[in-house]
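Reproduced below: target05.cif, with mmCIF, C-alpha atoms.
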data_my_file
loop_
_atom_site.label_atom_id
_atom_site.label_comp_id
_atom_site.auth_asym_id
_atom_site.auth_seq_id
_atom_site.Cartn_x
_atom_site.Cartn_y
_atom_site.Cartn_z
CA MET A 260 1.80 -31.65 -5.14
CA THR A 261 5.31 -30.29 -5.69
CA HIS A 262 6.40 -26.65 -5.65
CA GLN A 263 6.44 -26.83 -9.44
CA ASP A 264 2.84 -28.07 -9.51
CA PHE A 265 1.73 -25.06 -7.45
CA LEU A 266 3.68 -22.76 -9.77
CA LYS A 267 1.92 -24.31 -12.76
CA LEU A 268 -1.38 -23.64 -11.00
CA ALA A 269 -0.38 -19.98 -10.53
CA VAL A 270 0.47 -19.69 -14.23
CA ALA A 271 -2.83 -21.37 -15.16
CA GLU A 272 -4.70 -18.77 -13.08
CA GLY A 273 -2.88 -16.00 -14.95
CA LYS A 274 -3.72 -17.58 -18.29
CA LYS A 275 -7.38 -17.89 -17.36
CA GLY A 276 -7.53 -14.27 -16.16
CA MET A 277 -5.89 -13.03 -19.33
CA GLU A 278 -8.17 -15.05 -21.61
CA ASN A 279 -11.27 -13.90 -19.71
CA LYS A 280 -10.09 -10.26 -19.98
CA ILE A 281 -9.96 -9.87 -16.21
CA GLY A 282 -6.50 -8.34 -16.41
CA GLY A 283 -2.86 -8.96 -17.29
CA PRO A 284 -1.15 -12.36 -17.63
CA PHE A 285 -0.30 -12.89 -13.98
CA GLY A 286 -1.59 -15.46 -11.52
CA ALA A 287 -0.82 -16.52 -7.97
CA VAL A 288 -1.84 -19.06 -5.36
CA ILE A 289 -1.30 -19.28 -1.61
CA VAL A 290 -0.74 -22.64 0.01
CA LYS A 291 -0.95 -23.58 3.67
CA ASN A 292 -0.15 -27.09 4.93
CA GLY A 293 -0.10 -28.37 1.36
CA GLU A 294 -3.56 -27.01 0.59
CA VAL A 295 -4.42 -24.13 -1.77
CA ILE A 296 -6.25 -21.55 0.34
CA ALA A 297 -6.45 -18.77 -2.26
CA LYS A 298 -5.93 -18.42 -5.98
CA GLY A 299 -6.39 -15.50 -8.29
CA SER A 300 -5.12 -13.41 -11.13
CA ASN A 301 -4.41 -9.82 -12.00
CA ARG A 302 -7.65 -7.84 -12.21
CA VAL A 303 -6.42 -4.28 -12.67
CA THR A 304 -8.29 -3.36 -15.82
CA SER A 305 -11.60 -5.11 -15.14
CA THR A 306 -11.97 -3.63 -11.63
CA ASN A 307 -10.26 -0.24 -12.16
CA ASP A 308 -7.91 -1.07 -9.32
CA PRO A 309 -4.22 -0.52 -10.12
CA THR A 310 -3.30 -2.36 -6.91
CA ALA A 311 -5.14 -5.55 -7.95
CA HIS A 312 -2.07 -7.47 -9.06
CA ALA A 313 -2.23 -11.26 -8.71
CA GLU A 314 -0.16 -11.34 -5.51
CA VAL A 315 -2.09 -8.52 -3.80
CA THR A 316 -5.34 -10.20 -4.85
CA VAL A 317 -4.45 -13.60 -3.37
CA ILE A 318 -2.99 -12.05 -0.22
CA ARG A 319 -6.31 -10.27 0.39
CA LEU A 320 -8.27 -13.45 -0.33
CA ALA A 321 -6.09 -15.63 1.91
CA CYS A 322 -6.22 -13.11 4.77
CA GLU A 323 -9.99 -12.89 4.46
CA LYS A 324 -10.21 -16.68 4.58
CA LEU A 325 -7.89 -16.96 7.60
CA GLN A 326 -9.41 -13.87 9.26
CA ASP A 327 -5.88 -12.65 9.94
CA PHE A 328 -3.62 -9.96 8.52
CA GLN A 329 -0.62 -12.29 8.67
CA LEU A 330 0.14 -15.32 6.50
CA SER A 331 2.48 -17.23 8.80
CA GLY A 332 2.95 -20.81 7.66
CA CYS A 333 1.90 -19.97 4.10
CA ILE A 334 3.79 -20.14 0.81
CA LEU A 335 3.00 -17.78 -2.05
CA TYR A 336 3.43 -18.99 -5.63
CA SER A 337 3.42 -16.40 -8.39
CA SER A 338 3.65 -16.75 -12.16
CA CYS A 339 6.11 -13.82 -12.15
CA GLU A 340 8.64 -12.16 -9.86
CA PRO A 341 6.67 -9.76 -7.65
CA CYS A 342 6.89 -6.06 -8.58
CA PRO A 343 7.92 -3.65 -5.77
CA MET A 344 4.28 -3.13 -4.75
CA CYS A 345 3.68 -6.87 -4.44
CA LEU A 346 7.03 -7.43 -2.77
CA GLY A 347 6.06 -4.85 -0.17
CA ALA A 348 2.65 -6.48 0.25
CA ILE A 349 4.39 -9.83 0.79
CA TYR A 350 6.60 -8.36 3.51
CA TRP A 351 3.57 -6.92 5.29
CA ALA A 352 1.65 -10.22 5.00
CA ARG A 353 4.74 -12.24 6.00
CA PRO A 354 4.30 -15.65 4.33
CA ASP A 355 7.20 -18.06 4.92
CA LYS A 356 8.47 -18.20 1.34
CA VAL A 357 7.81 -17.11 -2.23
CA TYR A 358 8.27 -19.13 -5.41
CA TYR A 359 7.98 -17.42 -8.78
CA ALA A 360 8.38 -18.42 -12.42
CA SER A 361 9.11 -15.54 -14.83
CA SER A 362 11.42 -12.65 -13.88
CA LYS A 363 10.93 -8.89 -13.76
CA VAL A 364 12.98 -8.73 -16.98
CA ASP A 365 10.55 -11.14 -18.66
CA ALA A 366 7.70 -8.89 -17.44
CA ALA A 367 9.41 -5.77 -18.82
CA ASP A 368 9.87 -7.55 -22.14
CA ALA A 369 6.10 -8.17 -22.21
CA GLY A 370 5.42 -4.44 -21.68
CA PHE A 371 5.12 -4.13 -17.89
CA ASP A 372 6.84 -1.52 -15.70
CA ASP A 373 8.16 -3.84 -12.97
CA ASP A 374 11.83 -3.42 -13.77
CA PHE A 375 11.39 0.33 -14.34
CA ILE A 376 9.82 0.75 -10.89
CA TYR A 377 12.64 -1.21 -9.24
CA LYS A 378 15.09 1.27 -10.82
CA GLU A 379 13.01 4.31 -9.77
CA LEU A 380 13.14 3.15 -6.14
CA GLU A 381 16.88 3.71 -6.11
CA LEU A 382 16.69 7.30 -7.39
CA PRO A 383 16.71 10.38 -5.15
CA HIS A 384 13.16 11.63 -4.69
CA ALA A 385 13.56 14.70 -6.88
CA GLU A 386 14.90 12.67 -9.82
CA ARG A 387 12.03 10.21 -9.96
CA SER A 388 9.58 10.31 -12.87
CA ILE A 389 6.85 10.89 -10.27
CA PRO A 390 8.35 13.56 -7.97
CA PHE A 391 8.15 12.99 -4.20
CA GLU A 392 8.38 16.05 -1.96
CA GLN A 393 8.59 16.08 1.84
CA ASP A 394 7.16 18.71 4.20
CA ARG A 395 7.60 17.44 7.74
CA ILE A 396 4.74 19.38 9.36
CA LYS A 397 4.53 19.30 13.14
CA GLU A 398 1.16 17.50 13.09
CA SER A 399 2.80 14.43 11.53
CA VAL A 400 5.47 14.31 14.23
CA THR A 401 2.80 14.49 16.92
CA LEU A 402 0.79 11.71 15.25
CA PHE A 403 3.58 9.15 15.68
CA ASP A 404 4.17 10.33 19.25
CA ASP A 405 0.47 9.73 19.97
CA TRP A 406 0.71 6.24 18.44
CA LYS A 407 3.73 5.33 20.55
CA GLU A 408 1.89 6.37 23.70
CA MET A 409 -1.46 4.82 22.77
CA GLU A 410 -2.66 1.97 24.95
CA GLY A 411 -4.52 -1.11 23.70
CA LYS A 412 -3.39 -0.64 20.10
CA THR A 413 -3.16 -3.53 17.62
CA GLU A 414 0.34 -3.59 16.14
CA TYR A 415 1.12 -5.16 12.78
CA MET B 215 -5.97 25.27 -0.08
CA THR B 216 -2.18 24.95 -0.10
CA HIS B 217 -0.14 21.78 -0.37
CA GLN B 218 0.43 22.04 3.37
CA ASP B 219 -3.31 22.23 4.01
CA PHE B 220 -3.84 18.99 2.10
CA LEU B 221 -0.99 17.37 4.04
CA LYS B 222 -2.65 18.44 7.28
CA LEU B 223 -5.85 16.84 6.05
CA ALA B 224 -3.94 13.59 5.35
CA VAL B 225 -2.48 13.64 8.87
CA ALA B 226 -5.94 14.34 10.33
CA GLU B 227 -7.31 11.27 8.50
CA GLY B 228 -4.52 9.18 10.02
CA LYS B 229 -5.26 10.53 13.48
CA LYS B 230 -8.96 9.77 13.11
CA GLY B 231 -8.26 6.22 11.89
CA MET B 232 -5.87 5.57 14.75
CA GLU B 233 -8.26 6.92 17.38
CA ASN B 234 -11.16 4.91 15.97
CA LYS B 235 -8.96 1.75 15.96
CA ILE B 236 -9.32 1.33 12.22
CA GLY B 237 -5.58 0.84 11.85
CA GLY B 238 -2.16 2.45 12.16
CA PRO B 239 -1.45 6.22 12.32
CA PHE B 240 -1.36 6.88 8.59
CA GLY B 241 -3.67 8.95 6.42
CA ALA B 242 -3.78 10.10 2.81
CA VAL B 243 -5.85 12.20 0.44
CA ILE B 244 -5.99 12.46 -3.34
CA VAL B 245 -6.65 15.80 -4.95
CA LYS B 246 -7.67 16.56 -8.52
CA ASN B 247 -8.07 20.12 -9.82
CA GLY B 248 -7.85 21.44 -6.26
CA GLU B 249 -10.63 19.19 -5.01
CA VAL B 250 -10.27 16.24 -2.61
CA ILE B 251 -11.61 13.20 -4.46
CA ALA B 252 -10.61 10.53 -1.92
CA LYS B 253 -9.47 10.43 1.67
CA GLY B 254 -8.71 7.57 3.97
CA SER B 255 -6.50 5.97 6.53
CA ASN B 256 -4.70 2.74 7.22
CA ARG B 257 -7.19 -0.06 7.88
CA VAL B 258 -4.96 -3.13 8.05
CA THR B 259 -5.99 -4.48 11.43
CA SER B 260 -9.72 -3.73 11.30
CA THR B 261 -10.20 -5.34 7.86
CA ASN B 262 -7.55 -8.10 8.05
CA ASP B 263 -6.00 -6.70 4.90
CA PRO B 264 -2.22 -6.18 5.12
CA THR B 265 -2.35 -4.21 1.85
CA ALA B 266 -4.82 -1.63 3.23
CA HIS B 267 -2.27 1.08 3.89
CA ALA B 268 -3.54 4.65 3.65
CA GLU B 269 -2.09 5.24 0.18
CA VAL B 270 -3.38 1.97 -1.27
CA THR B 271 -6.77 2.68 0.29
CA VAL B 272 -7.10 6.16 -1.24
CA ILE B 273 -5.77 5.01 -4.60
CA ARG B 274 -8.49 2.33 -4.70
CA LEU B 275 -11.15 4.85 -3.66
CA ALA B 276 -10.04 7.51 -6.15
CA CYS B 277 -9.88 5.01 -9.01
CA GLU B 278 -13.34 3.74 -8.14
CA LYS B 279 -14.64 7.31 -8.15
CA LEU B 280 -12.98 8.17 -11.46
CA GLN B 281 -13.80 4.73 -12.94
CA ASP B 282 -10.24 4.54 -14.18
CA PHE B 283 -7.12 2.62 -13.19
CA GLN B 284 -4.96 5.70 -13.74
CA LEU B 285 -4.74 8.87 -11.65
CA SER B 286 -3.42 11.31 -14.24
CA GLY B 287 -3.80 14.91 -13.11
CA CYS B 288 -4.02 13.89 -9.45
CA ILE B 289 -1.77 14.65 -6.48
CA LEU B 290 -1.41 12.23 -3.59
CA TYR B 291 -0.79 13.60 -0.10
CA SER B 292 0.34 11.17 2.59
CA SER B 293 1.03 11.65 6.28
CA CYS B 294 4.19 9.53 5.82
CA GLU B 295 6.69 8.59 3.15
CA PRO B 296 5.17 5.68 1.22
CA CYS B 297 6.54 2.21 2.01
CA PRO B 298 7.76 0.11 -0.96
CA MET B 299 4.29 -1.42 -1.42
CA CYS B 300 2.65 2.00 -1.56
CA LEU B 301 5.41 3.44 -3.70
CA GLY B 302 4.81 0.63 -6.18
CA ALA B 303 1.05 1.24 -6.04
CA ILE B 304 1.69 4.93 -6.77
CA TYR B 305 3.78 4.08 -9.83
CA TRP B 306 1.05 1.81 -11.15
CA ALA B 307 -1.66 4.44 -10.51
CA ARG B 308 0.54 7.21 -11.92
CA PRO B 309 -0.57 10.41 -10.14
CA ASP B 310 1.42 13.52 -11.12
CA LYS B 311 3.13 14.10 -7.78
CA VAL B 312 3.36 12.95 -4.17
CA TYR B 313 3.71 15.09 -1.04
CA TYR B 314 4.43 13.43 2.29
CA ALA B 315 5.09 14.59 5.85
CA SER B 316 6.95 12.09 8.06
CA SER B 317 9.80 9.93 6.70
CA LYS B 318 10.37 6.17 6.58
CA VAL B 319 12.84 6.67 9.42
CA ASP B 320 10.13 8.33 11.53
CA ALA B 321 7.88 5.35 10.71
CA ALA B 322 10.56 2.86 11.75
CA ASP B 323 11.02 4.79 15.00
CA ALA B 324 7.28 4.33 15.65
CA GLY B 325 7.60 0.54 15.15
CA PHE B 326 6.83 0.07 11.45
CA ASP B 327 8.84 -2.02 8.95
CA ASP B 328 9.03 0.54 6.13
CA ASP B 329 12.76 1.16 6.32
CA PHE B 330 13.47 -2.54 6.88
CA ILE B 331 11.57 -3.46 3.71
CA TYR B 332 13.46 -0.83 1.69
CA LYS B 333 16.70 -2.49 2.81
CA GLU B 334 15.42 -6.01 2.04
CA LEU B 335 14.65 -4.93 -1.53
CA GLU B 336 18.35 -4.44 -2.16
CA LEU B 337 19.37 -7.90 -0.95
CA PRO B 338 19.92 -10.91 -3.23
CA HIS B 339 16.80 -13.12 -3.18
CA ALA B 340 18.38 -15.91 -1.13
CA GLU B 341 19.54 -13.51 1.60
CA ARG B 342 16.13 -11.95 2.25
CA SER B 343 14.31 -12.68 5.48
CA ILE B 344 11.48 -14.05 3.31
CA PRO B 345 13.31 -16.23 0.75
CA PHE B 346 12.38 -15.82 -2.91
CA GLU B 347 13.11 -18.74 -5.26
CA GLN B 348 12.74 -18.79 -9.03
CA ASP B 349 11.77 -21.76 -11.20
CA ARG B 350 11.28 -20.49 -14.73
CA ILE B 351 8.87 -23.18 -15.94
CA LYS B 352 8.06 -23.26 -19.66
CA GLU B 353 4.38 -22.47 -19.06
CA SER B 354 5.31 -19.03 -17.69
CA VAL B 355 7.40 -18.23 -20.76
CA THR B 356 4.51 -19.21 -23.01
CA LEU B 357 2.07 -17.07 -21.00
CA PHE B 358 3.94 -13.84 -21.78
CA ASP B 359 4.28 -14.88 -25.43
CA ASP B 360 0.51 -15.36 -25.56
CA TRP B 361 -0.03 -11.90 -24.00
CA LYS B 362 2.26 -10.24 -26.52
CA GLU B 363 0.33 -11.81 -29.40
CA MET B 364 -3.14 -11.24 -27.91
CA GLU B 365 -5.41 -8.89 -29.84
CA GLY B 366 -7.84 -6.45 -28.24
CA LYS B 367 -6.10 -6.50 -24.87
CA THR B 368 -6.30 -3.61 -22.38
CA GLU B 369 -2.78 -2.53 -21.46
CA TYR B 370 -1.93 -0.75 -18.22
#
Could the structure of this file be written out as structure tokens, please?
Amino acid sequence: MTHQDFLKLAVAEGKKGMENKIGGPFGAVIVKNGEVIAKGSNRVTSTNDPTAHAEVTVIRLACEKLQDFQLSGCILYSSCEPCPMCLGAIYWARPDKVYYASSKVDAADAGFDDDFIYKELELPHAERSIPFEQDRIKESVTLFDDWKEMEGKTEY
Amino acid sequence: MTHQDFLKLAVAEGKKGMENKIGGPFGAVIVKNGEVIAKGSNRVTSTNDPTAHAEVTVIRLACEKLQDFQLSGCILYSSCEPCPMCLGAIYWARPDKVYYASSKVDAADAGFDDDFIYKELELPHAERSIPFEQDRIKESVTLFDDWKEMEGKTEY
């Protein structure tokens, strides 16, 4: 199968999820050594989980299958350019590459906030539509110090 | 309880999770009408789920409790500035406000990629450490058209 075939599979997952009212029109697959190890679609509205985008969903499924929190050697195919949440999830899961079909502008045109969130990321905290306020209490400073000194910890 | 009290609670959750080897030193709580409705900590390494940051974890728990995919009227308290994944998750869940204690620079100093991922977001796709490649196949264009025309859909 070619990269385009896997992308078509990702889009087909999104179409199926949309038609079955599982969630929005987004699908993704994860491939390792030429084999699909996870496929899924957006399931935000059917599971009341705003984090259940297609990419997050397949990352969780693939990690569960591999029993690992890293996706080294894997390629993620998504029907759409990952939103900032999914992009972050991809960086934490660390697959080798990402292919996507539609863009964040296409997603915005279909009524999704992807492009809006990318723009909010660049704003100072106080100017964001959801305000972010910092209070650097001493307990939080100590917590990182404790982590740095902790022995036998699993890093990620 | 004051905002600082809730922040201390978030840090305490992170400390507990770290000490019990559930995951990294990050905790969060979600408050609605002055009442804690969800609390949790990072559980990436113990559950093999790279998306199980403290904020994502409490958002999932709070949404499950409220049986809703939106957190209107809620405040999220986090022991650390949300990474791009968590920031995206917060925008999709839409709480009213976010308070956090440590910064992304503090997190980087403790060995976490938060600040690195923020910088990667600004790079052109081909220059990212995980390459992103687009192939706008016709099936993906059609999928959004189908969504726009779909009747009885649940938007989010």
What does the PyMOL selection byres ((chain A and resi 389-399) around 10) select in this file, as an NGL selection string?
(:A and (379 or 383-388 or 400-405)) or (:B and (217-218 or 221-226 or 228-229 or 239-241 or 290-296 or 301 or 304-305 or 308-317 or 320))
Find the residues around Gly325 of chain B up to 9 Å (only C-alpha atoms counted), leave out those fewer than 6 positions away in its own chain, and share them as a CSV table (one decimal) with C-alpha atoms, keeping the file's coordinate frame.
chain,number,residue,atom,x,y,z
A,407,LYS,CA,3.7,5.3,20.6
A,414,GLU,CA,0.3,-3.6,16.1
A,415,TYR,CA,1.1,-5.2,12.8
Env of Ala266 of chain B: 12 Å cut, atoms = all atoms listed in the file, seq-sep filter 2 positions within chain, self excluded. Answer as number ranges by chain.
A: 310-311, 315-316, 318-319, 322, 328, 347-348, 351-352, 415; B: 236-238, 240-242, 254-264, 268-275, 299-300, 303
Those residues you just picked out, can you put them in a file as a PDB file, keeping the file's coordinate frame with C-alpha atoms?
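Writing done, so here's out-v5.pdb:
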ATOM      1  CA  THR A 310      -3.300  -2.360  -6.910  1.00  0.00           C
ATOM      2  CA  ALA A 311      -5.140  -5.550  -7.950  1.00  0.00           C
ATOM      3  CA  VAL A 315      -2.090  -8.520  -3.800  1.00  0.00           C
ATOM      4  CA  THR A 316      -5.340 -10.200  -4.850  1.00  0.00           C
ATOM      5  CA  ILE A 318      -2.990 -12.050  -0.220  1.00  0.00           C
ATOM      6  CA  ARG A 319      -6.310 -10.270   0.390  1.00  0.00           C
ATOM      7  CA  CYS A 322      -6.220 -13.110   4.770  1.00  0.00           C
ATOM      8  CA  PHE A 328      -3.620  -9.960   8.520  1.00  0.00           C
ATOM      9  CA  GLY A 347       6.060  -4.850  -0.170  1.00  0.00           C
ATOM     10  CA  ALA A 348       2.650  -6.480   0.250  1.00  0.00           C
ATOM     11  CA  TRP A 351       3.570  -6.920   5.290  1.00  0.00           C
ATOM     12  CA  ALA A 352       1.650 -10.220   5.000  1.00  0.00           C
ATOM     13  CA  TYR A 415       1.120  -5.160  12.780  1.00  0.00           C
TER      14      TYR A 415
ATOM     15  CA  ILE B 236      -9.320   1.330  12.220  1.00  0.00           C
ATOM     16  CA  GLY B 237      -5.580   0.840  11.850  1.00  0.00           C
ATOM     17  CA  GLY B 238      -2.160   2.450  12.160  1.00  0.00           C
ATOM     18  CA  PHE B 240      -1.360   6.880   8.590  1.00  0.00           C
ATOM     19  CA  GLY B 241      -3.670   8.950   6.420  1.00  0.00           C
ATOM     20  CA  ALA B 242      -3.780  10.100   2.810  1.00  0.00           C
ATOM     21  CA  GLY B 254      -8.710   7.570   3.970  1.00  0.00           C
ATOM     22  CA  SER B 255      -6.500   5.970   6.530  1.00  0.00           C
ATOM     23  CA  ASN B 256      -4.700   2.740   7.220  1.00  0.00           C
ATOM     24  CA  ARG B 257      -7.190  -0.060   7.880  1.00  0.00           C
ATOM     25  CA  VAL B 258      -4.960  -3.130   8.050  1.00  0.00           C
ATOM     26  CA  THR B 259      -5.990  -4.480  11.430  1.00  0.00           C
ATOM     27  CA  SER B 260      -9.720  -3.730  11.300  1.00  0.00           C
ATOM     28  CA  THR B 261     -10.200  -5.340   7.860  1.00  0.00           C
ATOM     29  CA  ASN B 262      -7.550  -8.100   8.050  1.00  0.00           C
ATOM     30  CA  ASP B 263      -6.000  -6.700   4.900  1.00  0.00           C
ATOM     31  CA  PRO B 264      -2.220  -6.180   5.120  1.00  0.00           C
ATOM     32  CA  ALA B 268      -3.540   4.650   3.650  1.00  0.00           C
ATOM     33  CA  GLU B 269      -2.090   5.240   0.180  1.00  0.00           C
ATOM     34  CA  VAL B 270      -3.380   1.970  -1.270  1.00  0.00           C
ATOM     35  CA  THR B 271      -6.770   2.680   0.290  1.00  0.00           C
ATOM     36  CA  VAL B 272      -7.100   6.160  -1.240  1.00  0.00           C
ATOM     37  CA  ILE B 273      -5.770   5.010  -4.600  1.00  0.00           C
ATOM     38  CA  ARG B 274      -8.490   2.330  -4.700  1.00  0.00           C
ATOM     39  CA  LEU B 275     -11.150   4.850  -3.660  1.00  0.00           C
ATOM     40  CA  MET B 299       4.290  -1.420  -1.420  1.00  0.00           C
ATOM     41  CA  CYS B 300       2.650   2.000  -1.560  1.00  0.00           C
ATOM     42  CA  ALA B 303       1.050   1.240  -6.040  1.00  0.00           C
TER      43      ALA B 303
END
Which of A:Asp327, A:Glu408, A:Met277, A:Leu380 sits closest to Cys297 of chain B [using all atoms listed in the file]:
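Of all the options, A:Leu380 lies closest to Cys297 of chain B.
Proximity of B:Met364, B:Gln281, B:Phe326, B:Glu233 to His267 of chain B, computed with all atoms listed in the file, is greatest for B:Phe326.
As for atom CA of Leu280 of chain B and atom CA of Ile251 of chain B, they are spaced 8.7 Å apart.
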The distance between atom CA of Glu410 of chain A and atom CA of Ala324 of chain B is 13.8 Å
To one decimal in Å, tell me the separation between atom CA of Lys324 of chain A and atom CA of Thr261 of chain A.
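Separation between atom CA of Lys324 of chain A and atom CA of Thr261 of chain A: 23.1 Å.
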